[in-house]
Amino acid sequence: FLFALSQNTLTASEATVAQTAYDLLYPSRSSTEIIHPSAWLRDIFRYGHLLPDDLQEELIRKGYRIVQNPNSRLLTTRSEAVGLDQYIDNGIFRFHYTIQGSKGVDSTDNDQNAIPDYIDLVMTIFDEVYQHQINDLGYISPPDDGRYLTDQDNGGSSHYDIYVTNLSYGYYGYVQADQEIGDNPNSSAIEQNAYTSYMAVRNNYDGFPNSEINNLRVTIAHEFFHSIQFGYDAWEKSWLMEATAVWMEESVYDDINDCYQYMPEWFASPHSTLAPEAGSRWYGSFIYFEYIDEHLGGPETIRRIWENSVQYNDSRIIIDNALLAESSDFIDSFIGMSIANRILSSNLKAGAYRYDEADAYIDYANKKNADDFPLVEDIVHFTQGTPDTVSSSNLDRYGSNYIFLNTDDPVEISLIPNNGNTSDFMMSVILKDAAGNYTIKSGSIMNIDPQSNNYTWMYIVVSSIAQNATRFNYSIVFRDGNSEVDAPKG
């Protein structure tokens, strides 16, 4: 009975995920948001069979794939391939395109090599991305589709297929899961959930931020990493897929910084989860992997995360195991990121909480008129002899609240859970002195004396760290503390 209840609950959640993906992808998008829709295509592919029958029929007619719907298997032609009458092979890739109609690329061919300059550019960028992700960082190549049945569209060869065509407004590009193969023959590990896939890239980026070449660069860096991810575990959590794919944009093309567009919204709600089940917040969660990259083993740790995904289904366990070599784990790295996000400095004095590009993050937020970057949950003005209490009920799992503490007096700070246990939370205090040095203290009860080291800037960080709790309501009580200043010697 308990097992059945658990399964029903899980199915209800999956049905909600499928409905959310449907609402975002079809029949139309009223949003002006610019996104990478691969995660929602994957949700339709995996959970679309839980949608009402009429919605499934609409999706299939439009060319969407639903792995557990028998009618979806009748889609022997990839809808992206329709109307693309030319192709060219380069390395492991086959590029499909046309110069005709609304799907066509600009036919300009300045170097007169019989290939449109736009396709030349796409091929050059794929070479750069492949070199970085496969050769430099050591990821395994995505599985090829050379073993398909003869009635299945594999793009005409075993190459990895890229369809350059017109896409819905706001889509940079996407990767579509195609056929389950279980084990990726390109690796020595034994994968269970490897899938072949193919990619769609826009035939132009009119109306997008940045230049066309930079939009192509970040799109291909992001989407090809999804192709690689599908070769490890196509069913990994979407937040992990999307956040690491945005991080990969920075890894390949550090100077483009298209990822900055996700930061104002992400930092406006630090209380929200690092690991959302749906929505677009997962793009901003790349900052967590940026923190790991800069402080906990670099790109090798990120690669170990994906290598661990083959063995484990829980993102937290996957990250725990990847961080073992750094004497760290998910909670340690999450708390570190949460502190770094409040300090938000490129100054070397920030030490283990420094971001190389922190100044640029702040500058971008200012240009976007982002207030309280990141958002401050509360401000406490404490005076000795006047106890105070602040409470919060908005904290999500793996989220953080920031509380500014203004006092010249010693103060005792106590975290009191309004539900659950103190172990569900981690409370840290960031103390900055007049010389710009940082001190971090952690615990459920702490004594803070601003005079002890001339602290001029103090923030409390409350983070929710329990995996299984559902509510994270708490209060912080401020009482008179003890002086930590050495008594004068006489």
# chains A, B, ... in the order shown; residues from 1 in each chain; ligands from 1
>>> select_by_dssp(residues="region 199-298 of chain A", states="strand (DSSP E)", output="ChimeraX atom specification")
/A:199-202
>>> closest_residue(among="A:Lys349, A:Lys62, A:Arg78, A:His295", to="Asn437 (chain A)", atoms="only C-alpha atoms")
A:Lys349
>>> residues_around(residues="region 446-450 of chain A", least_positions_apart="3", cutoff="8 Å", atoms="only C-alpha atoms", output="list of chain:residue names")
A:Thr407, A:Asp408, A:Asp409, A:Pro410, A:Val411, A:Glu412, A:Ile413, A:Ser414, A:Lys441, A:Ser442, A:Gly443, A:Asn453, A:Asn454, A:Tyr455, A:Thr456, A:Gly481, A:Asn482, A:Ser483, A:Glu484, A:Val485
>>> write_last_selection(atoms="all heavy atoms", output="tab-separated table (two decimals), in the first residue's frame")
chain	number	residue	atom	x	y	z
A	407	THR	N	24.42	46.79	13.97
A	407	THR	CA	24.55	47.00	15.41
A	407	THR	C	25.98	47.33	15.76
A	407	THR	O	26.92	46.91	15.07
A	407	THR	CB	24.10	45.76	16.20
A	407	THR	OG1	24.16	46.05	17.60
A	407	THR	CG2	24.98	44.55	15.91
A	408	ASP	N	26.15	48.08	16.85
A	408	ASP	CA	27.47	48.33	17.42
A	408	ASP	C	27.66	47.53	18.71
A	408	ASP	O	28.74	47.59	19.32
A	408	ASP	CB	27.65	49.83	17.73
A	408	ASP	CG	27.68	50.67	16.46
A	408	ASP	OD1	28.25	50.19	15.46
A	408	ASP	OD2	27.13	51.79	16.47
A	409	ASP	N	26.62	46.81	19.13
A	409	ASP	CA	26.62	46.12	20.42
A	409	ASP	C	26.79	44.60	20.23
A	409	ASP	O	26.35	44.05	19.21
A	409	ASP	CB	25.31	46.38	21.17
A	409	ASP	CG	25.07	47.86	21.42
A	409	ASP	OD1	26.06	48.57	21.70
A	409	ASP	OD2	23.90	48.29	21.34
A	410	PRO	N	27.38	43.94	21.23
A	410	PRO	CA	27.42	42.47	21.17
A	410	PRO	C	26.01	41.90	21.12
A	410	PRO	O	25.10	42.38	21.81
A	410	PRO	CB	28.13	42.08	22.47
A	410	PRO	CG	28.89	43.30	22.88
A	410	PRO	CD	28.06	44.46	22.43
A	411	VAL	N	25.82	40.86	20.29
A	411	VAL	CA	24.49	40.31	20.12
A	411	VAL	C	24.58	38.79	20.02
A	411	VAL	O	25.50	38.25	19.38
A	411	VAL	CB	23.78	40.90	18.86
A	411	VAL	CG1	24.60	40.69	17.61
A	411	VAL	CG2	22.38	40.32	18.69
A	412	GLU	N	23.66	38.11	20.68
A	412	GLU	CA	23.54	36.66	20.54
A	412	GLU	C	22.43	36.39	19.54
A	412	GLU	O	21.31	36.91	19.65
A	412	GLU	CB	23.19	36.02	21.87
A	412	GLU	CG	23.06	34.50	21.77
A	412	GLU	CD	22.54	33.87	23.05
A	412	GLU	OE1	21.30	33.75	23.18
A	412	GLU	OE2	23.38	33.52	23.90
A	413	ILE	N	22.74	35.54	18.55
A	413	ILE	CA	21.81	35.23	17.47
A	413	ILE	C	21.44	33.76	17.59
A	413	ILE	O	22.32	32.89	17.60
A	413	ILE	CB	22.45	35.48	16.09
A	413	ILE	CG1	22.96	36.93	16.00
A	413	ILE	CG2	21.46	35.19	14.97
A	413	ILE	CD1	23.82	37.17	14.77
A	414	SER	N	20.13	33.47	17.66
A	414	SER	CA	19.67	32.08	17.80
A	414	SER	C	18.65	31.78	16.71
A	414	SER	O	17.68	32.53	16.53
A	414	SER	CB	19.02	31.85	19.17
A	414	SER	OG	19.91	32.13	20.22
A	441	LYS	N	31.26	32.79	10.34
A	441	LYS	CA	30.91	31.98	11.49
A	441	LYS	C	29.63	31.22	11.17
A	441	LYS	O	28.76	31.73	10.47
A	441	LYS	CB	30.70	32.84	12.73
A	441	LYS	CG	31.95	33.56	13.22
A	441	LYS	CD	31.69	34.28	14.54
A	441	LYS	CE	32.96	34.91	15.08
A	441	LYS	NZ	32.73	35.57	16.40
A	442	SER	N	29.50	30.00	11.68
A	442	SER	CA	28.32	29.19	11.43
A	442	SER	C	27.86	28.50	12.69
A	442	SER	O	28.68	28.16	13.56
A	442	SER	CB	28.61	28.14	10.35
A	442	SER	OG	28.93	28.74	9.11
A	443	GLY	N	26.56	28.28	12.82
A	443	GLY	CA	25.98	27.59	13.97
A	443	GLY	C	24.55	28.03	14.17
A	443	GLY	O	24.09	29.00	13.57
A	453	ASN	N	36.62	43.00	16.20
A	453	ASN	CA	37.51	43.14	15.05
A	453	ASN	C	37.09	44.29	14.14
A	453	ASN	O	37.38	44.29	12.95
A	453	ASN	CB	37.56	41.84	14.24
A	453	ASN	CG	38.37	40.75	14.90
A	453	ASN	OD1	39.59	40.80	14.91
A	453	ASN	ND2	37.67	39.79	15.50
A	454	ASN	N	36.38	45.24	14.73
A	454	ASN	CA	35.93	46.42	13.98
A	454	ASN	C	35.14	46.02	12.74
A	454	ASN	O	35.42	46.44	11.62
A	454	ASN	CB	37.13	47.29	13.59
A	454	ASN	CG	36.71	48.67	13.08
A	454	ASN	OD1	35.60	49.13	13.37
A	454	ASN	ND2	37.59	49.31	12.33
A	455	TYR	N	34.14	45.14	12.95
A	455	TYR	CA	33.30	44.72	11.83
A	455	TYR	C	32.39	45.86	11.41
A	455	TYR	O	31.70	46.47	12.22
A	455	TYR	CB	32.46	43.50	12.23
A	455	TYR	CG	33.28	42.27	12.56
A	455	TYR	CD1	33.08	41.56	13.75
A	455	TYR	CD2	34.26	41.81	11.68
A	455	TYR	CE1	33.83	40.44	14.05
A	455	TYR	CE2	35.01	40.69	11.97
A	455	TYR	CZ	34.80	40.02	13.15
A	455	TYR	OH	35.55	38.91	13.44
A	456	THR	N	32.38	46.13	10.11
A	456	THR	CA	31.59	47.24	9.58
A	456	THR	C	30.45	46.78	8.68
A	456	THR	O	29.65	47.60	8.24
A	456	THR	CB	32.50	48.18	8.77
A	456	THR	OG1	33.10	47.43	7.69
A	456	THR	CG2	33.60	48.76	9.65
A	481	GLY	N	24.42	40.10	23.72
A	481	GLY	CA	25.53	39.17	23.66
A	481	GLY	C	26.64	39.55	24.60
A	481	GLY	O	26.52	40.45	25.44
A	482	ASN	N	27.76	38.86	24.46
A	482	ASN	CA	28.93	39.08	25.31
A	482	ASN	C	30.03	39.80	24.55
A	482	ASN	O	30.27	39.51	23.36
A	482	ASN	CB	29.46	37.74	25.82
A	482	ASN	CG	28.44	37.01	26.67
A	482	ASN	OD1	27.78	37.59	27.52
A	482	ASN	ND2	28.31	35.70	26.40
A	483	SER	N	30.70	40.68	25.24
A	483	SER	CA	31.84	41.37	24.62
A	483	SER	C	32.97	40.38	24.40
A	483	SER	O	33.27	39.54	25.25
A	483	SER	CB	32.31	42.51	25.51
A	483	SER	OG	33.49	43.08	25.00
A	484	GLU	N	33.59	40.47	23.22
A	484	GLU	CA	34.74	39.63	22.90
A	484	GLU	C	36.03	40.45	22.86
A	484	GLU	O	37.08	39.95	22.45
A	484	GLU	CB	34.52	38.92	21.56
A	484	GLU	CG	33.33	37.97	21.58
A	484	GLU	CD	33.04	37.34	20.22
A	484	GLU	OE1	33.75	37.70	19.25
A	484	GLU	OE2	32.12	36.51	20.12
A	485	VAL	N	35.93	41.71	23.27
A	485	VAL	CA	37.10	42.59	23.29
A	485	VAL	C	37.92	42.28	24.53
A	485	VAL	O	37.37	42.19	25.64
A	485	VAL	CB	36.69	44.07	23.28
A	485	VAL	CG1	37.92	44.98	23.34
A	485	VAL	CG2	35.83	44.39	22.05
>>> residues_around(residues="Ala352 (chain A)", least_positions_apart="5", cutoff="9 Å", atoms="only C-alpha atoms", output="NGL selection string")
:A and (294-295 or 336 or 340)
>>> select_by_dssp(residues="region 275-426 of chain A", states="helix (DSSP H, G or I)", output="JSON, numbers by chain")
{"A": [281, 282, 283, 284, 286, 287, 288, 289, 290, 291, 292, 293, 294, 295, 299, 300, 301, 302, 303, 304, 305, 306, 307, 308, 315, 316, 317, 318, 319, 320, 321, 322, 324, 325, 326, 330, 331, 332, 333, 334, 335, 336, 337, 338, 339, 340, 341, 342, 343, 348, 349, 350, 351, 352, 353, 358, 359, 360, 361, 362, 363, 364, 365, 366, 367, 422, 423, 424]}
>>> residues_around(residues="Asn321 (chain A)", least_positions_apart="5", cutoff="9 Å", atoms="only C-alpha atoms", output="PyMOL selection string")
chain A and resi 304-305+308+316+329-330
